[in-house]
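Structure file my_file28.cif (mmCIF, C-alpha atoms) is printed below.
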```
data_final
#
loop_
_atom_site.group_PDB
_atom_site.id
_atom_site.type_symbol
_atom_site.label_atom_id
_atom_site.label_comp_id
_atom_site.auth_asym_id
_atom_site.auth_seq_id
_atom_site.Cartn_x
_atom_site.Cartn_y
_atom_site.Cartn_z
ATOM 1 C CA MET A 83 158.961 121.668 228.572
ATOM 2 C CA SER A 84 155.356 121.682 229.275
ATOM 3 C CA ASN A 85 153.880 118.925 231.117
ATOM 4 C CA GLU A 86 151.034 118.670 228.704
ATOM 5 C CA SER A 87 149.470 115.330 228.758
ATOM 6 C CA SER A 88 148.236 113.757 225.606
ATOM 7 C CA PRO A 89 144.548 114.306 225.026
ATOM 8 C CA SER A 90 142.770 111.557 226.667
ATOM 9 C CA THR A 91 140.579 109.547 224.414
ATOM 10 C CA VAL A 92 137.077 109.613 225.709
ATOM 11 C CA VAL A 93 135.567 106.235 225.328
ATOM 12 C CA GLU A 94 131.877 106.554 225.067
ATOM 13 C CA PRO A 95 129.944 103.709 226.512
ATOM 14 C CA GLU A 96 128.434 101.582 223.829
ATOM 15 C CA GLU A 97 124.739 101.842 223.405
ATOM 16 C CA ILE A 98 123.216 98.959 225.223
ATOM 17 C CA ILE A 99 120.729 97.218 223.030
ATOM 18 C CA PRO A 100 118.623 94.795 224.955
ATOM 19 C CA GLU A 101 118.626 91.366 223.443
ATOM 20 C CA LEU A 102 115.226 90.508 222.126
ATOM 21 C CA PRO A 103 113.718 87.084 222.700
ATOM 22 C CA ARG A 104 114.106 84.784 219.734
ATOM 23 C CA LEU A 105 111.960 81.807 218.861
ATOM 24 C CA ASN A 106 113.257 78.733 217.112
ATOM 25 C CA LEU A 107 112.799 78.555 213.360
ATOM 26 C CA GLY A 108 110.071 75.907 213.355
ATOM 27 C CA LEU A 109 107.873 77.862 215.723
ATOM 28 C CA THR A 110 108.564 81.040 213.776
ATOM 29 C CA ILE A 111 107.426 79.417 210.534
ATOM 30 C CA ALA A 112 104.321 78.007 212.241
ATOM 31 C CA ILE A 113 103.432 81.464 213.543
ATOM 32 C CA CYS A 114 104.011 83.006 210.111
ATOM 33 C CA CYS A 115 101.714 80.384 208.574
ATOM 34 C CA SER A 116 99.015 81.348 211.071
ATOM 35 C CA GLY A 117 99.424 84.945 209.932
ATOM 36 C CA PHE A 118 99.015 83.798 206.348
ATOM 37 C CA VAL A 119 95.796 81.949 207.183
ATOM 38 C CA LEU A 120 94.321 84.814 209.184
ATOM 39 C CA PRO A 121 95.827 88.310 208.854
ATOM 40 C CA GLY A 122 97.072 89.650 212.186
ATOM 41 C CA LEU A 123 97.003 86.291 213.968
ATOM 42 C CA ALA A 124 100.794 85.955 213.888
ATOM 43 C CA HIS A 125 101.233 89.227 215.749
ATOM 44 C CA ILE A 126 98.571 88.242 218.270
ATOM 45 C CA LEU A 127 100.342 84.929 218.916
ATOM 46 C CA LEU A 128 103.575 86.856 219.438
ATOM 47 C CA GLY A 129 101.880 88.966 222.102
ATOM 48 C CA ARG A 130 101.443 92.087 219.959
ATOM 49 C CA TRP A 131 97.703 92.233 220.529
ATOM 50 C CA ILE A 132 97.003 95.765 219.440
ATOM 51 C CA ARG A 133 99.209 95.597 216.369
ATOM 52 C CA GLY A 134 97.673 92.282 215.371
ATOM 53 C CA ALA A 135 94.126 93.491 215.892
ATOM 54 C CA MET A 136 94.754 96.631 213.864
ATOM 55 C CA LEU A 137 96.372 94.651 211.048
ATOM 56 C CA ALA A 138 93.440 92.243 211.021
ATOM 57 C CA LEU A 139 90.998 95.134 210.941
ATOM 58 C CA ALA A 140 92.785 97.080 208.209
ATOM 59 C CA ILE A 141 93.448 94.092 205.934
ATOM 60 C CA GLY A 142 90.063 92.475 206.586
ATOM 61 C CA LEU A 143 88.139 95.678 205.919
ATOM 62 C CA MET A 144 90.159 96.330 202.799
ATOM 63 C CA PHE A 145 89.257 92.866 201.536
ATOM 64 C CA LEU A 146 85.562 93.450 202.271
ATOM 65 C CA PHE A 147 85.679 96.841 200.553
ATOM 66 C CA GLY A 148 87.247 95.192 197.519
ATOM 67 C CA LEU A 149 84.475 92.622 197.351
ATOM 68 C CA GLY A 150 81.852 95.316 197.970
ATOM 69 C CA MET A 151 83.220 97.294 195.042
ATOM 70 C CA GLN A 152 82.693 94.219 192.864
ATOM 71 C CA GLY A 153 86.371 93.593 192.376
ATOM 72 C CA GLU A 154 87.607 90.335 190.890
ATOM 73 C CA LEU A 155 89.476 87.599 192.700
ATOM 74 C CA TYR A 156 91.831 85.786 190.333
ATOM 75 C CA GLY A 157 91.725 82.021 190.304
ATOM 76 C CA SER A 158 94.626 79.613 190.602
ATOM 77 C CA ASP A 159 94.319 78.256 187.078
ATOM 78 C CA LEU A 160 97.910 77.762 185.911
ATOM 79 C CA SER A 161 96.963 77.946 182.236
ATOM 80 C CA GLN A 162 96.013 81.614 182.490
ATOM 81 C CA THR A 163 98.285 84.460 181.383
ATOM 82 C CA PRO A 164 101.264 85.319 183.618
ATOM 83 C CA LEU A 165 99.812 88.679 184.609
ATOM 84 C CA ARG A 166 96.757 86.949 185.994
ATOM 85 C CA LEU A 167 99.030 84.590 187.923
ATOM 86 C CA PHE A 168 100.600 87.612 189.587
ATOM 87 C CA GLY A 169 97.092 88.739 190.431
ATOM 88 C CA PHE A 170 96.367 85.347 191.949
ATOM 89 C CA PHE A 171 99.560 85.523 194.006
ATOM 90 C CA ALA A 172 98.513 88.929 195.340
ATOM 91 C CA ASP A 173 94.917 87.908 195.997
ATOM 92 C CA ALA A 174 95.898 84.699 197.777
ATOM 93 C CA GLY A 175 97.896 86.654 200.350
ATOM 94 C CA VAL A 176 94.870 87.035 202.592
ATOM 95 C CA GLY A 177 94.705 83.269 203.018
ATOM 96 C CA LEU A 178 91.472 81.929 204.449
ATOM 97 C CA MET A 179 89.409 84.927 203.424
ATOM 98 C CA TYR A 180 90.458 84.421 199.800
ATOM 99 C CA TRP A 181 89.506 80.763 199.941
ATOM 100 C CA LEU A 182 86.122 81.498 201.523
ATOM 101 C CA ALA A 183 85.304 84.266 199.064
ATOM 102 C CA GLU A 184 86.428 82.220 196.081
ATOM 103 C CA HIS A 185 84.317 79.233 197.132
ATOM 104 C CA SER A 186 81.317 81.460 197.850
ATOM 105 C CA ASN A 187 81.679 82.941 194.363
ATOM 106 C CA LEU A 188 81.917 86.426 195.879
ATOM 107 C CA GLY A 189 84.919 87.478 193.851
ATOM 108 C CA ALA A 190 83.473 86.968 190.403
ATOM 109 C CA GLY A 191 83.832 90.683 189.621
ATOM 110 C CA ASN A 192 81.598 92.867 187.532
ATOM 111 C CA MET A 193 83.502 94.653 184.789
ATOM 112 C CA SER A 194 80.611 96.981 184.048
ATOM 113 C CA ALA A 195 80.668 98.330 187.605
ATOM 114 C CA ARG A 196 82.278 101.739 188.009
ATOM 115 C CA THR A 197 84.316 100.545 190.967
ATOM 116 C CA TYR A 198 85.525 97.277 189.402
ATOM 117 C CA ASP A 199 89.105 98.470 188.921
ATOM 118 C CA TYR A 200 89.327 99.939 192.378
ATOM 119 C CA GLY A 201 87.829 96.826 193.939
ATOM 120 C CA THR A 202 90.261 94.542 192.135
ATOM 121 C CA THR A 203 93.165 96.737 193.227
ATOM 122 C CA TYR A 204 91.942 96.669 196.833
ATOM 123 C CA LEU A 205 91.891 92.872 196.705
ATOM 124 C CA TRP A 206 95.423 92.701 195.314
ATOM 125 C CA VAL A 207 96.852 95.185 197.753
ATOM 126 C CA CYS A 208 95.331 93.718 200.907
ATOM 127 C CA GLY A 209 96.941 90.374 200.022
ATOM 128 C CA LEU A 210 100.299 92.041 199.409
ATOM 129 C CA LEU A 211 100.018 93.963 202.675
ATOM 130 C CA ASN A 212 99.440 90.693 204.478
ATOM 131 C CA TYR A 213 102.674 89.320 202.998
ATOM 132 C CA LEU A 214 104.446 92.357 204.484
ATOM 133 C CA ALA A 215 102.738 91.763 207.828
ATOM 134 C CA ILE A 216 103.944 88.136 207.773
ATOM 135 C CA LEU A 217 107.526 89.302 207.143
ATOM 136 C CA ASP A 218 107.146 91.729 210.056
ATOM 137 C CA ALA A 219 105.972 88.878 212.289
ATOM 138 C CA PHE A 220 108.980 86.813 211.135
ATOM 139 C CA ASP A 221 111.350 89.608 212.156
ATOM 140 C CA ILE A 222 109.674 89.933 215.554
ATOM 141 C CA ALA A 223 109.838 86.188 216.163
ATOM 142 C CA GLN A 224 113.525 86.129 215.203
ATOM 143 C CA GLY A 225 114.330 88.927 217.642
ATOM 144 C CA ARG A 226 115.159 91.506 215.001
ATOM 145 C CA LYS A 227 112.365 93.862 215.981
ATOM 146 C CA PRO A 228 110.695 94.665 219.284
ATOM 147 C CA MET B 235 79.119 100.014 197.132
ATOM 148 C CA ASN B 236 79.391 103.183 195.097
ATOM 149 C CA LEU B 237 82.368 105.239 196.129
ATOM 150 C CA SER B 238 83.589 108.191 194.124
ATOM 151 C CA HIS B 239 87.156 108.112 192.806
ATOM 152 C CA PHE B 240 88.358 110.365 195.586
ATOM 153 C CA ASP B 241 86.547 108.362 198.277
ATOM 154 C CA ALA B 242 88.077 105.140 196.980
ATOM 155 C CA LEU B 243 91.498 106.778 196.948
ATOM 156 C CA ALA B 244 91.100 108.124 200.489
ATOM 157 C CA VAL B 245 89.913 104.782 201.891
ATOM 158 C CA PHE B 246 92.755 103.004 200.090
ATOM 159 C CA ALA B 247 95.262 105.480 201.545
ATOM 160 C CA LEU B 248 93.801 105.012 205.016
ATOM 161 C CA PHE B 249 94.197 101.229 205.006
ATOM 162 C CA VAL B 250 97.641 101.207 203.419
ATOM 163 C CA SER B 251 98.990 103.938 205.684
ATOM 164 C CA THR B 252 97.670 102.080 208.733
ATOM 165 C CA VAL B 253 99.522 98.909 207.781
ATOM 166 C CA PHE B 254 102.690 100.767 206.731
ATOM 167 C CA GLY B 255 102.735 102.679 210.010
ATOM 168 C CA LEU B 256 102.254 99.519 212.053
ATOM 169 C CA ILE B 257 104.927 97.411 210.397
ATOM 170 C CA THR B 258 107.649 99.976 209.772
ATOM 171 C CA LYS B 259 107.870 101.885 213.057
ATOM 172 C CA ARG B 260 108.437 100.726 216.602
ATOM 173 C CA THR B 261 106.665 102.957 219.084
ATOM 174 C CA PRO B 262 102.957 103.832 218.855
ATOM 175 C CA ARG B 263 103.809 107.523 218.536
ATOM 176 C CA GLU B 264 106.154 106.896 215.590
ATOM 177 C CA GLN B 265 103.605 104.586 214.007
ATOM 178 C CA PHE B 266 100.883 107.195 214.242
ATOM 179 C CA ARG B 267 103.052 109.989 212.873
ATOM 180 C CA TYR B 268 104.321 107.879 209.978
ATOM 181 C CA GLY B 269 100.805 106.653 209.203
ATOM 182 C CA VAL B 270 99.496 110.218 209.027
ATOM 183 C CA PHE B 271 102.453 111.195 206.847
ATOM 184 C CA VAL B 272 101.862 108.334 204.411
ATOM 185 C CA PHE B 273 98.123 109.021 204.303
ATOM 186 C CA PHE B 274 98.531 112.682 203.373
ATOM 187 C CA SER B 275 101.361 111.825 200.989
ATOM 188 C CA PHE B 276 99.002 109.521 199.099
ATOM 189 C CA LEU B 277 96.389 112.255 198.843
ATOM 190 C CA CYS B 278 98.847 114.979 197.838
ATOM 191 C CA VAL B 279 100.559 112.862 195.197
ATOM 192 C CA ALA B 280 97.200 111.844 193.742
ATOM 193 C CA VAL B 281 96.029 115.464 193.489
ATOM 194 C CA VAL B 282 99.332 116.646 191.989
ATOM 195 C CA VAL B 283 99.490 113.829 189.444
ATOM 196 C CA GLY B 284 95.826 114.424 188.607
ATOM 197 C CA TRP B 285 96.516 118.070 187.814
ATOM 198 C CA LEU B 286 99.641 117.186 185.816
ATOM 199 C CA MET B 287 97.579 114.842 183.659
ATOM 200 C CA TYR B 288 94.694 117.279 183.301
ATOM 201 C CA PRO B 289 95.988 119.098 180.177
ATOM 202 C CA LEU B 290 96.859 115.888 178.367
ATOM 203 C CA PRO B 291 94.474 115.409 175.456
ATOM 204 C CA TRP B 292 94.483 111.604 175.506
#
```
Could I get this structure in the form of structure tokens?
Amino acid sequence: MSNESSPSTVVEPEEIIPELPRLNLGLTIAICCSGFVLPGLAHILLGRWIRGAMLALAIGLMFLFGLGMQGELYGSDLSQTPLRLFGFFADAGVGLMYWLAEHSNLGAGNMSARTYDYGTTYLWVCGLLNYLAILDAFDIAQGRKP
Amino acid sequence: MNLSHFDALAVFALFVSTVFGLITKRTPREQFRYGVFVFFSFLCVAVVVGWLMYPLPW
């Protein structure tokens, strides 16, 4: 009879994931609101300076390009067609910049311009990208991302 | 501002890939690599779709 021992089960050490700091919900929401007002500010407040600065630069420049291409900013008139409301939701994502441009009448749009469609799309997309950036800041503040 | 269609597409891809890289990856190296990947993916898809639509008469 062989004295063969049963194969030992090798227990691999569990991967140690460092626990990330987590802010309370109220502070998290306040930081996310700051990111809504000014793109990139939420990341800067969370200590991600470079990421925040690059987000602010990318989203801010995209907004300026959209205005420069004579794109249209959609207003908040609730009586307009639903598709235009979606456009307003997207445009409003850049927060303060939308408000400033709307009140300066910079986003009137010029349909006869060759770049009108592109400009309008730029304005939509930079607002939507800022929503994504806010969600990213929320995850960081809640300790889900480094 | 008078950009050509391709210029507008390239600038659009640059901004979107920058943001996508920053918010989806963790380390700067991963962010850069993913951003470059998304940027060239935008350009390639646009060129391919453009050629696919080229023979369409309407």
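Distances from A:Tyr213, A:Tyr180, A:Trp206, A:Phe147 to chain B were compared using all atoms listed in the file, and the smallest one belongs to A:Phe147.
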Point out the residue among B:Leu290, B:Val281, B:Val245, B:Val272 with the least atom-to-atom distance to chain A, counting all atoms listed in the file.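 Once distances to chain A are computed over all atoms listed in the file, the minimum belongs to B:Val245.
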Hey, which bits of chain A sit within 8 Å of chain B, and for each residue what's the closest pair of atoms and how far apart in Å (one decimal), counting only C-alpha atoms, rows by chain and increasing number, as JSON lines?
```
{"residue": "A:Arg133", "atom": "CA", "partner": "B:Leu256", "partner_atom": "CA", "distance": 6.6}
{"residue": "A:Leu137", "atom": "CA", "partner": "B:Val253", "partner_atom": "CA", "distance": 6.2}
{"residue": "A:Ala140", "atom": "CA", "partner": "B:Phe249", "partner_atom": "CA", "distance": 5.4}
{"residue": "A:Ile141", "atom": "CA", "partner": "B:Phe249", "partner_atom": "CA", "distance": 7.2}
{"residue": "A:Met144", "atom": "CA", "partner": "B:Phe249", "partner_atom": "CA", "distance": 6.7}
{"residue": "A:Gly150", "atom": "CA", "partner": "B:Met235", "partner_atom": "CA", "distance": 5.5}
{"residue": "A:Met151", "atom": "CA", "partner": "B:Met235", "partner_atom": "CA", "distance": 5.3}
{"residue": "A:Arg196", "atom": "CA", "partner": "B:Asn236", "partner_atom": "CA", "distance": 7.8}
{"residue": "A:Thr197", "atom": "CA", "partner": "B:Asn236", "partner_atom": "CA", "distance": 6.9}
{"residue": "A:Tyr200", "atom": "CA", "partner": "B:Ala242", "partner_atom": "CA", "distance": 7.1}
{"residue": "A:Tyr204", "atom": "CA", "partner": "B:Phe246", "partner_atom": "CA", "distance": 7.2}
{"residue": "A:Leu211", "atom": "CA", "partner": "B:Val253", "partner_atom": "CA", "distance": 7.1}
{"residue": "A:Leu214", "atom": "CA", "partner": "B:Ile257", "partner_atom": "CA", "distance": 7.8}
{"residue": "A:Ala215", "atom": "CA", "partner": "B:Ile257", "partner_atom": "CA", "distance": 6.6}
{"residue": "A:Asp218", "atom": "CA", "partner": "B:Ile257", "partner_atom": "CA", "distance": 6.1}
{"residue": "A:Lys227", "atom": "CA", "partner": "B:Arg260", "partner_atom": "CA", "distance": 7.9}
{"residue": "A:Pro228", "atom": "CA", "partner": "B:Arg260", "partner_atom": "CA", "distance": 7.0}
```
Answer key for the PyMOL selection byres ((chain A and resi 170) around 9), residues as an MDAnalysis selection string: chainID A and resid 155:159 165:169 171:175 206
The PyMOL selection byres ((chain A and resi 112) around 12) resolved against shown file, as a list in words: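 Against this file, the PyMOL selection byres ((chain A and resi 112) around 12) returns the residues Leu105, Asn106, Leu107, Gly108, Leu109, Thr110, Ile111, Ile113, Cys114, Cys115, Ser116, Gly117, Phe118, Val119, Leu123, Ala124, Leu127, Leu128, Ile216, Ala219, Phe220 and Ala223 of chain A.
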Listed atoms of region 171-187 of chain A boxed axis-aligned with 5 Å per side, centre + edges as JSON:
```
{"center_x": 90.4, "center_y": 84.1, "center_z": 199.2, "size_x": 28.2, "size_y": 19.7, "size_z": 20.4}
```
At what distance in Å, to one decimal, does CA of Ser194 (chain A) lie from CA of Leu182 (chain A)? 24.0 Å
Which residues come within 7 Å of Leu205 (chain A), counting only C-alpha atoms, excluding same-chain residues fewer than 3 positions away, as a list in words?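 Once the nearby chain positions are removed, what remains is Phe145, Gly148, Asp173, Gly201, Thr202, Cys208 and Gly209 of chain A.
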My list of candidates is A:Gln224, A:Asn192, A:Leu149, A:Asn212. Which is closest to Gly134 (chain A) when distances are computed with all atoms listed in the file?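 Result for the nearest residue to Gly134 (chain A): A:Asn212.
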Please measure the separation of CA of Ala138 (chain A) and CA of Pro164 (chain A), giving the value in Å to one decimal.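 These two atoms are separated by 29.3 Å.
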Just give me the gap between CA of Val270 (chain B) and CA of Ala247 (chain B) in Å, one decimal is fine. 9.8 Å
Specify as a PDB file with C-alpha atoms, in the coordinates of the input each residue included when the PyMOL selection byres ((chain A and resi 103) around 6) is applied to this file.
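Writing the result to expr.pdb gives the following:
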```pdb
ATOM      1  CA  LEU A 102     115.226  90.508 222.126  1.00  0.00           C
ATOM      2  CA  ARG A 104     114.106  84.784 219.734  1.00  0.00           C
ATOM      3  CA  GLY A 225     114.330  88.927 217.642  1.00  0.00           C
TER       4      GLY A 225
END
```
Missing atoms in region 248-264 of chain B should be modelled up to N, CA and C atoms and reported as a compact mmCIF listing (two decimals), in the coordinates of the input.
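Once everything was written out, this is part_2.txt:
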```txt
# COMPACT_ATOMS: atom_id res chain seq x y z
N LEU B 248 93.97 105.24 203.58
CA LEU B 248 93.80 105.01 205.02
C LEU B 248 94.27 103.61 205.41
N PHE B 249 93.82 102.61 204.67
CA PHE B 249 94.20 101.23 205.01
C PHE B 249 95.70 101.00 204.82
N VAL B 250 96.22 101.46 203.70
CA VAL B 250 97.64 101.21 203.42
C VAL B 250 98.52 101.95 204.42
N SER B 251 98.16 103.19 204.74
CA SER B 251 98.99 103.94 205.68
C SER B 251 98.92 103.32 207.08
N THR B 252 97.77 102.76 207.43
CA THR B 252 97.67 102.08 208.73
C THR B 252 98.65 100.91 208.81
N VAL B 253 98.64 100.08 207.77
CA VAL B 253 99.52 98.91 207.78
C VAL B 253 100.98 99.34 207.71
N PHE B 254 101.30 100.30 206.84
CA PHE B 254 102.69 100.77 206.73
C PHE B 254 103.18 101.32 208.07
N GLY B 255 102.34 102.11 208.71
CA GLY B 255 102.74 102.68 210.01
C GLY B 255 102.99 101.58 211.03
N LEU B 256 102.14 100.58 211.05
CA LEU B 256 102.25 99.52 212.05
C LEU B 256 103.49 98.66 211.85
N ILE B 257 103.83 98.38 210.61
CA ILE B 257 104.93 97.41 210.40
C ILE B 257 106.29 98.07 210.19
N THR B 258 106.33 99.39 210.01
CA THR B 258 107.65 99.98 209.77
C THR B 258 108.21 100.71 210.98
N LYS B 259 107.38 101.13 211.90
CA LYS B 259 107.87 101.88 213.06
C LYS B 259 107.68 101.11 214.35
N ARG B 260 108.41 101.53 215.38
CA ARG B 260 108.44 100.73 216.60
C ARG B 260 107.46 101.22 217.66
N THR B 261 107.53 102.49 217.99
CA THR B 261 106.66 102.96 219.08
C THR B 261 105.33 103.42 218.52
N PRO B 262 104.27 103.39 219.33
CA PRO B 262 102.96 103.83 218.86
C PRO B 262 102.97 105.26 218.33
N ARG B 263 103.74 106.14 218.98
CA ARG B 263 103.81 107.52 218.54
C ARG B 263 104.41 107.63 217.14
N GLU B 264 105.53 106.90 216.93
CA GLU B 264 106.15 106.90 215.59
C GLU B 264 105.22 106.29 214.55
```
